[in-house]
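Worksheet for the structure shown next.
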Amino acid sequence: MMVSLLAVGTFWFWALVIFHFVILLALVEGERFGWATLSLIGTFSLLNSYGDFHVVSVVAENPDVAAIVAVGYFAAGTAWSVAKWWFFVRACRRRYDAMKSEFLAQHGVKGTEIPDGLKKAWKDALARDPGHRRGTNDHSFALGVVPKAGQHKRRIVTWMCFWPWSMVWTLINDPVKALFKAIYRRIQGLLEN
């Protein structure tokens, strides 16, 4: 009997799993829900055809365990989407505040309030935001300061469905970005000299 190329625990099994995990990180971060789903189906098909990992038979043989795992997965995905939405809204606010500070500085305004005479220009600046021009409304500036969950359904559903990859990327990426921004702020004066 020939050993399956992608049998659970073999080098090629782990190589495929790690490779696919990285691919899913990129697809989920890029919010490519369709491609992420297709890649997941393709990977399970490979494991089914060239390995000894048969999802359908495992589920059929262990329906109680499969139900518990499914409920747990959906619950964790829901919880993660709430946490990720909170991170997203905070990022929107930071970007909005940065744009507002820059706008006020460009117009020589001290303080944080936009004068009545500049409110139309401020609204136009929000509408010209690159996220809005690309049609992504990443930060909902043109739709108002506070992002609305209803306008980000696809993004939220992607976070729910692919929560393990979304969580890993967020927990790795956000602190790394924060660290480099802190380092930049420290050396900004040195760089300007």
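In the structure tokens, the first chain shown is A, the next is B, and so on; residue numbers restart at 1 for each chain, and ligands run from 1 in the order shown.
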
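For A:Ala15, the residues within 12 Å (counting only C-alpha atoms, excluding itself and residues fewer than 5 positions away along the chain) are A:Leu5, A:Leu6, A:Ala7, A:Val8, A:Gly9, A:Thr10, A:His20, A:Phe21, A:Val22, A:Thr43, A:Leu47.
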
Which residues, written as number ranges by chain, have at least one atom at most 8 Å from stretch 87-91 of chain A, with only C-alpha atoms counted and residues fewer than 3 positions away on the same chain left out? A: 83-84, 94-95, 146-147

Counting only C-alpha atoms, which of A:Arg154, A:Lys177, A:Lys119, A:Arg32 gets nearest to A:Ser81?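 Among the listed residues, the smallest separation from A:Ser81 belongs to A:Arg154.
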
Just how far from atom CA of A:Leu126 is atom CA of A:Ala98, in Å to one decimal?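 Separating atom CA of A:Ala98 from atom CA of A:Leu126 is a distance of 11.8 Å.
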